[in-house]
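Asker: Just entry_7.pdb, nothing more (PDB, C-alpha atoms, pLDDT in the B column):
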```
ATOM      1  CA  CYS A  20       0.000   0.000   0.000  1.00 43.00           C
ATOM      2  CA  GLY A  21       3.010   2.269   0.491  1.00 46.00           C
ATOM      3  CA  LYS A  22       1.498   4.149   3.458  1.00 47.00           C
ATOM      4  CA  ALA A  23       1.459   3.655   7.184  1.00 53.00           C
ATOM      5  CA  THR A  24      -0.608   0.597   8.080  1.00 56.00           C
ATOM      6  CA  MET A  25      -3.519   2.478   9.689  1.00 56.00           C
ATOM      7  CA  ALA A  26      -3.812   4.850   6.727  1.00 60.00           C
ATOM      8  CA  CYS A  27      -3.744   1.881   4.386  1.00 57.00           C
ATOM      9  CA  ILE A  28      -6.578   0.158   6.246  1.00 56.00           C
ATOM     10  CA  ALA A  29      -8.595   3.389   6.187  1.00 60.00           C
ATOM     11  CA  ASP A  30      -8.080   3.674   2.424  1.00 61.00           C
ATOM     12  CA  GLN A  31      -9.180   0.060   1.943  1.00 58.00           C
ATOM     13  CA  PHE A  32     -12.330   0.753   3.991  1.00 57.00           C
ATOM     14  CA  LYS A  33     -13.221   3.694   1.735  1.00 57.00           C
ATOM     15  CA  ASN A  34     -13.052   1.428  -1.310  1.00 54.00           C
ATOM     16  CA  TYR A  35     -14.387  -1.758   0.277  1.00 54.00           C
ATOM     17  CA  LYS A  36     -17.618  -0.305   1.638  1.00 49.00           C
ATOM     18  CA  HIS A  37     -18.876   0.372  -1.892  1.00 46.00           C
ATOM     19  CA  GLN A  38     -18.170  -3.161  -3.116  1.00 51.00           C
ATOM     20  CA  ALA A  39     -19.983  -5.190  -0.477  1.00 52.00           C
ATOM     21  CA  ALA A  40     -23.673  -5.826   0.058  1.00 53.00           C
ATOM     22  CA  PRO A  41     -25.422  -3.632   2.634  1.00 56.00           C
ATOM     23  CA  ALA A  42     -25.310  -4.926   6.193  1.00 57.00           C
ATOM     24  CA  PRO A  43     -28.515  -5.895   7.961  1.00 72.00           C
ATOM     25  CA  GLU A  44     -30.044  -3.497  10.454  1.00 89.00           C
ATOM     26  CA  PHE A  45     -29.231  -4.321  14.059  1.00 95.00           C
ATOM     27  CA  THR A  46     -30.832  -3.399  17.363  1.00 96.00           C
ATOM     28  CA  PRO A  47     -28.621  -2.013  20.144  1.00 97.00           C
ATOM     29  CA  GLY A  48     -27.660  -4.789  22.558  1.00 96.00           C
ATOM     30  CA  GLU A  49     -28.034  -7.678  20.131  1.00 96.00           C
ATOM     31  CA  PRO A  50     -25.159  -9.920  19.046  1.00 96.00           C
ATOM     32  CA  VAL A  51     -23.306  -9.131  15.839  1.00 97.00           C
ATOM     33  CA  TYR A  52     -20.635 -11.273  14.220  1.00 97.00           C
ATOM     34  CA  ALA A  53     -17.836  -9.393  12.499  1.00 97.00           C
ATOM     35  CA  VAL A  54     -15.305 -10.590   9.966  1.00 97.00           C
ATOM     36  CA  GLU A  55     -12.035  -9.363  11.422  1.00 96.00           C
ATOM     37  CA  ARG A  56      -9.139  -8.297   9.229  1.00 94.00           C
ATOM     38  CA  ASP A  57      -5.393  -8.265   9.713  1.00 93.00           C
ATOM     39  CA  GLU A  58      -3.197  -5.177   9.334  1.00 91.00           C
ATOM     40  CA  ASP A  59      -3.192  -5.687   5.549  1.00 90.00           C
ATOM     41  CA  GLY A  60      -6.986  -5.729   5.347  1.00 90.00           C
ATOM     42  CA  ASN A  61      -7.239  -9.494   4.734  1.00 93.00           C
ATOM     43  CA  ALA A  62     -10.174 -11.318   6.333  1.00 95.00           C
ATOM     44  CA  CYS A  63      -8.793 -13.656   8.996  1.00 95.00           C
ATOM     45  CA  GLU A  64     -11.419 -14.625  11.598  1.00 96.00           C
ATOM     46  CA  VAL A  65     -14.934 -14.109  12.948  1.00 98.00           C
ATOM     47  CA  SER A  66     -15.731 -12.760  16.411  1.00 97.00           C
ATOM     48  CA  GLY A  67     -18.941 -11.991  18.277  1.00 96.00           C
ATOM     49  CA  TYR A  68     -19.720  -8.556  19.685  1.00 97.00           C
ATOM     50  CA  MET A  69     -22.607  -6.542  21.132  1.00 97.00           C
ATOM     51  CA  TYR A  70     -24.075  -4.008  18.699  1.00 97.00           C
ATOM     52  CA  LEU A  71     -24.101  -0.405  19.917  1.00 97.00           C
ATOM     53  CA  ALA A  72     -24.652   1.893  16.919  1.00 96.00           C
ATOM     54  CA  LYS A  73     -24.120   2.556  13.236  1.00 94.00           C
ATOM     55  CA  ALA A  74     -22.767   5.755  11.713  1.00 92.00           C
ATOM     56  CA  ALA A  75     -22.381   6.159   7.956  1.00 89.00           C
ATOM     57  CA  ASP A  76     -20.954   2.813   6.768  1.00 89.00           C
ATOM     58  CA  ALA A  77     -19.391   1.879  10.102  1.00 93.00           C
ATOM     59  CA  VAL A  78     -20.746  -0.269  12.924  1.00 95.00           C
ATOM     60  CA  ILE A  79     -19.705   0.435  16.531  1.00 96.00           C
ATOM     61  CA  LEU A  80     -19.464  -2.705  18.649  1.00 97.00           C
ATOM     62  CA  SER A  81     -18.468  -3.705  22.156  1.00 96.00           C
ATOM     63  CA  THR A  82     -16.821  -6.907  23.222  1.00 93.00           C
ATOM     64  CA  TYR A  83     -18.731  -8.937  25.782  1.00 91.00           C
ATOM     65  CA  ILE A  84     -17.252  -7.899  29.128  1.00 90.00           C
ATOM     66  CA  ASN A  85     -16.959 -10.017  32.271  1.00 87.00           C
ATOM     67  CA  GLY A  86     -20.399 -11.569  31.972  1.00 88.00           C
ATOM     68  CA  LEU A  87     -22.275  -8.310  31.342  1.00 90.00           C
ATOM     69  CA  GLU A  88     -25.335  -9.264  29.336  1.00 89.00           C
ATOM     70  CA  THR A  89     -27.481  -6.186  28.875  1.00 95.00           C
ATOM     71  CA  LEU A  90     -26.945  -3.074  26.824  1.00 96.00           C
ATOM     72  CA  GLU A  91     -27.383  -0.901  29.900  1.00 96.00           C
ATOM     73  CA  GLU A  92     -24.698  -2.772  31.881  1.00 95.00           C
ATOM     74  CA  THR A  93     -22.297  -2.646  28.959  1.00 95.00           C
ATOM     75  CA  LEU A  94     -22.823   1.063  28.373  1.00 95.00           C
ATOM     76  CA  GLN A  95     -22.361   1.746  32.099  1.00 95.00           C
ATOM     77  CA  TYR A  96     -19.057  -0.140  31.967  1.00 94.00           C
ATOM     78  CA  HIS A  97     -17.865   2.006  29.042  1.00 94.00           C
ATOM     79  CA  ILE A  98     -18.988   5.191  30.828  1.00 95.00           C
ATOM     80  CA  GLU A  99     -17.006   4.193  33.914  1.00 94.00           C
ATOM     81  CA  GLN A 100     -13.923   3.290  31.875  1.00 93.00           C
ATOM     82  CA  THR A 101     -14.073   6.597  30.045  1.00 94.00           C
ATOM     83  CA  ALA A 102     -14.407   8.507  33.334  1.00 95.00           C
ATOM     84  CA  GLU A 103     -11.603   6.582  35.052  1.00 94.00           C
ATOM     85  CA  ASP A 104      -9.068   6.267  32.239  1.00 90.00           C
ATOM     86  CA  TYR A 105     -10.404   8.480  29.438  1.00 88.00           C
ATOM     87  CA  ASP A 106     -10.308   5.259  27.479  1.00 85.00           C
ATOM     88  CA  THR A 107     -12.575   2.361  26.680  1.00 85.00           C
ATOM     89  CA  HIS A 108     -12.450  -0.523  24.262  1.00 86.00           C
ATOM     90  CA  LEU A 109     -14.945  -0.240  21.442  1.00 93.00           C
ATOM     91  CA  SER A 110     -14.515  -1.761  18.013  1.00 95.00           C
ATOM     92  CA  VAL A 111     -15.551  -0.201  14.712  1.00 95.00           C
ATOM     93  CA  PHE A 112     -16.018  -2.306  11.583  1.00 95.00           C
ATOM     94  CA  PRO A 113     -17.224  -1.618   8.040  1.00 94.00           C
ATOM     95  CA  ALA A 114     -20.947  -2.388   8.065  1.00 94.00           C
ATOM     96  CA  ALA A 115     -20.439  -4.855   5.216  1.00 93.00           C
ATOM     97  CA  ASP A 116     -18.249  -7.005   7.499  1.00 96.00           C
ATOM     98  CA  CYS A 117     -21.037  -7.423  10.099  1.00 96.00           C
ATOM     99  CA  TYR A 118     -23.563 -10.254  10.153  1.00 96.00           C
ATOM    100  CA  ALA A 119     -26.574 -11.242  12.231  1.00 96.00           C
ATOM    101  CA  THR A 120     -25.448 -14.845  12.718  1.00 96.00           C
ATOM    102  CA  HIS A 121     -22.159 -16.645  13.226  1.00 97.00           C
ATOM    103  CA  PRO A 122     -22.769 -19.013  10.260  1.00 98.00           C
ATOM    104  CA  GLN A 123     -23.329 -16.044   7.909  1.00 96.00           C
ATOM    105  CA  ALA A 124     -20.086 -14.426   9.037  1.00 97.00           C
ATOM    106  CA  GLU A 125     -18.174 -17.710   8.746  1.00 97.00           C
ATOM    107  CA  MET A 126     -19.512 -18.206   5.204  1.00 96.00           C
ATOM    108  CA  ALA A 127     -18.412 -14.676   4.241  1.00 95.00           C
ATOM    109  CA  LEU A 128     -14.951 -15.394   5.663  1.00 96.00           C
ATOM    110  CA  ILE A 129     -14.694 -18.669   3.757  1.00 96.00           C
ATOM    111  CA  LEU A 130     -15.862 -17.095   0.495  1.00 95.00           C
ATOM    112  CA  GLU A 131     -13.371 -14.271   0.802  1.00 93.00           C
ATOM    113  CA  THR A 132     -10.381 -16.352   1.858  1.00 92.00           C
ATOM    114  CA  GLU A 133     -10.960 -19.226  -0.549  1.00 90.00           C
ATOM    115  CA  GLY A 134     -12.500 -17.416  -3.467  1.00 71.00           C
TER     116      GLY A 134
END
```
Please express the file's structure as structure tokens.
Answerer:
Amino acid sequence: CGKATMACIADQFKNYKHQAAPAPEFTPGEPVYAVERDEDGNACEVSGYMYLAKAADAVILSTYINGLETLEETLQYHIEQTAEDYDTHLSVFPAADCYATHPQAEMALILETEG
């Protein structure tokens, strides 16, 4: 890519989001399965997250934290972490890399890595 890794991934996102099918609509608090990518933008695995929000073509997700199950508990955790450390761990993925079920995400990973 010839640029710093993070800039390269951002450039790939700008191009990738127009090539993929639109992601399904999610409800805050429900599980979402994301195709994760390595530093070169290659699909490498699938992980489960809690859906928080969507902005433009990006989906904002939270990992499942220490047995917290509800949206309210998870948001409270992130509020506390932000207040204590001015930091929290949220993940942002291209909407096209997010799926409603684990099998759908696994199939997308297989199709991309093998095809």
Asker: What does the PyMOL selection byres ((chain A and resi 125) around 12) select in this file, as a list of chain:residue names?
Answerer: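 Here the PyMOL selection byres ((chain A and resi 125) around 12) matches A:Tyr52, A:Ala53, A:Val54, A:Glu55, A:Ala62, A:Cys63, A:Glu64, A:Val65, A:Ser66, A:Gly67, A:Asp116, A:Cys117, A:Tyr118, A:Ala119, A:Thr120, A:His121, A:Pro122, A:Gln123, A:Ala124, A:Met126, A:Ala127, A:Leu128, A:Ile129, A:Leu130, A:Glu131, A:Thr132, A:Glu133.
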Asker: Using all atoms listed in the file, which residue out of A:Asp104, A:Glu49, A:Ser110, A:Asp57 lies closest to Val78 of chain A?
Answerer: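 Using all atoms listed in the file, Val78 of chain A sits closest to A:Ser110.
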Asker: To one decimal in Å, tell me the separation between atom CA of Ser81 of chain A and atom CA of Tyr68 of chain A.
Answerer: 5.6 Å
Asker: Could you pull out every residue with an atom within 8 Å of (-20.0, -1.7, 16.8), file coordinates, counting all atoms listed in the file, and send them as a VMD selection string?
Answerer: chain A and resid 68 to 73 77 to 81 109 to 112
Asker: What is the atom CA of Phe45 of chain A-atom CA of Ala114 of chain A distance in Å, reported with one decimal?
Answerer: 10.4 Å
Asker: For Pro113 of chain A, which residue out of A:Asp76, A:Leu94, A:Tyr83, A:Gln100 is the nearest one, using only C-alpha atoms?
Answerer: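 Between A:Asp76, A:Leu94, A:Tyr83, A:Gln100, the residue approaching Pro113 of chain A most closely is A:Asp76.
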Asker: What's the separation between atom CA of Glu88 of chain A and atom CA of Pro50 of chain A, in Å to one decimal place?
Answerer: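 Interatomic distance here is 10.3 Å.
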Asker: Around all the atoms of segment 85-92 of chain A listed in the file, draw an axis-aligned box and extend it by 3 Å on each of the six sides; I want its centre and edge lengths in Å to one decimal, as AutoDock Vina command-line options.
Answerer:
```
--center_x -22.2 --center_y -6.2 --center_z 29.5 --size_x 16.5 --size_y 16.7 --size_z 11.4
```
Asker: Have a look at A:Ala75, A:Gly134, A:Pro43, A:Gly48 and name the one nearest to Glu92 of chain A; count only C-alpha atoms.
Answerer: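 Residue with the minimum atom-to-atom distance to Glu92 of chain A: A:Gly48.
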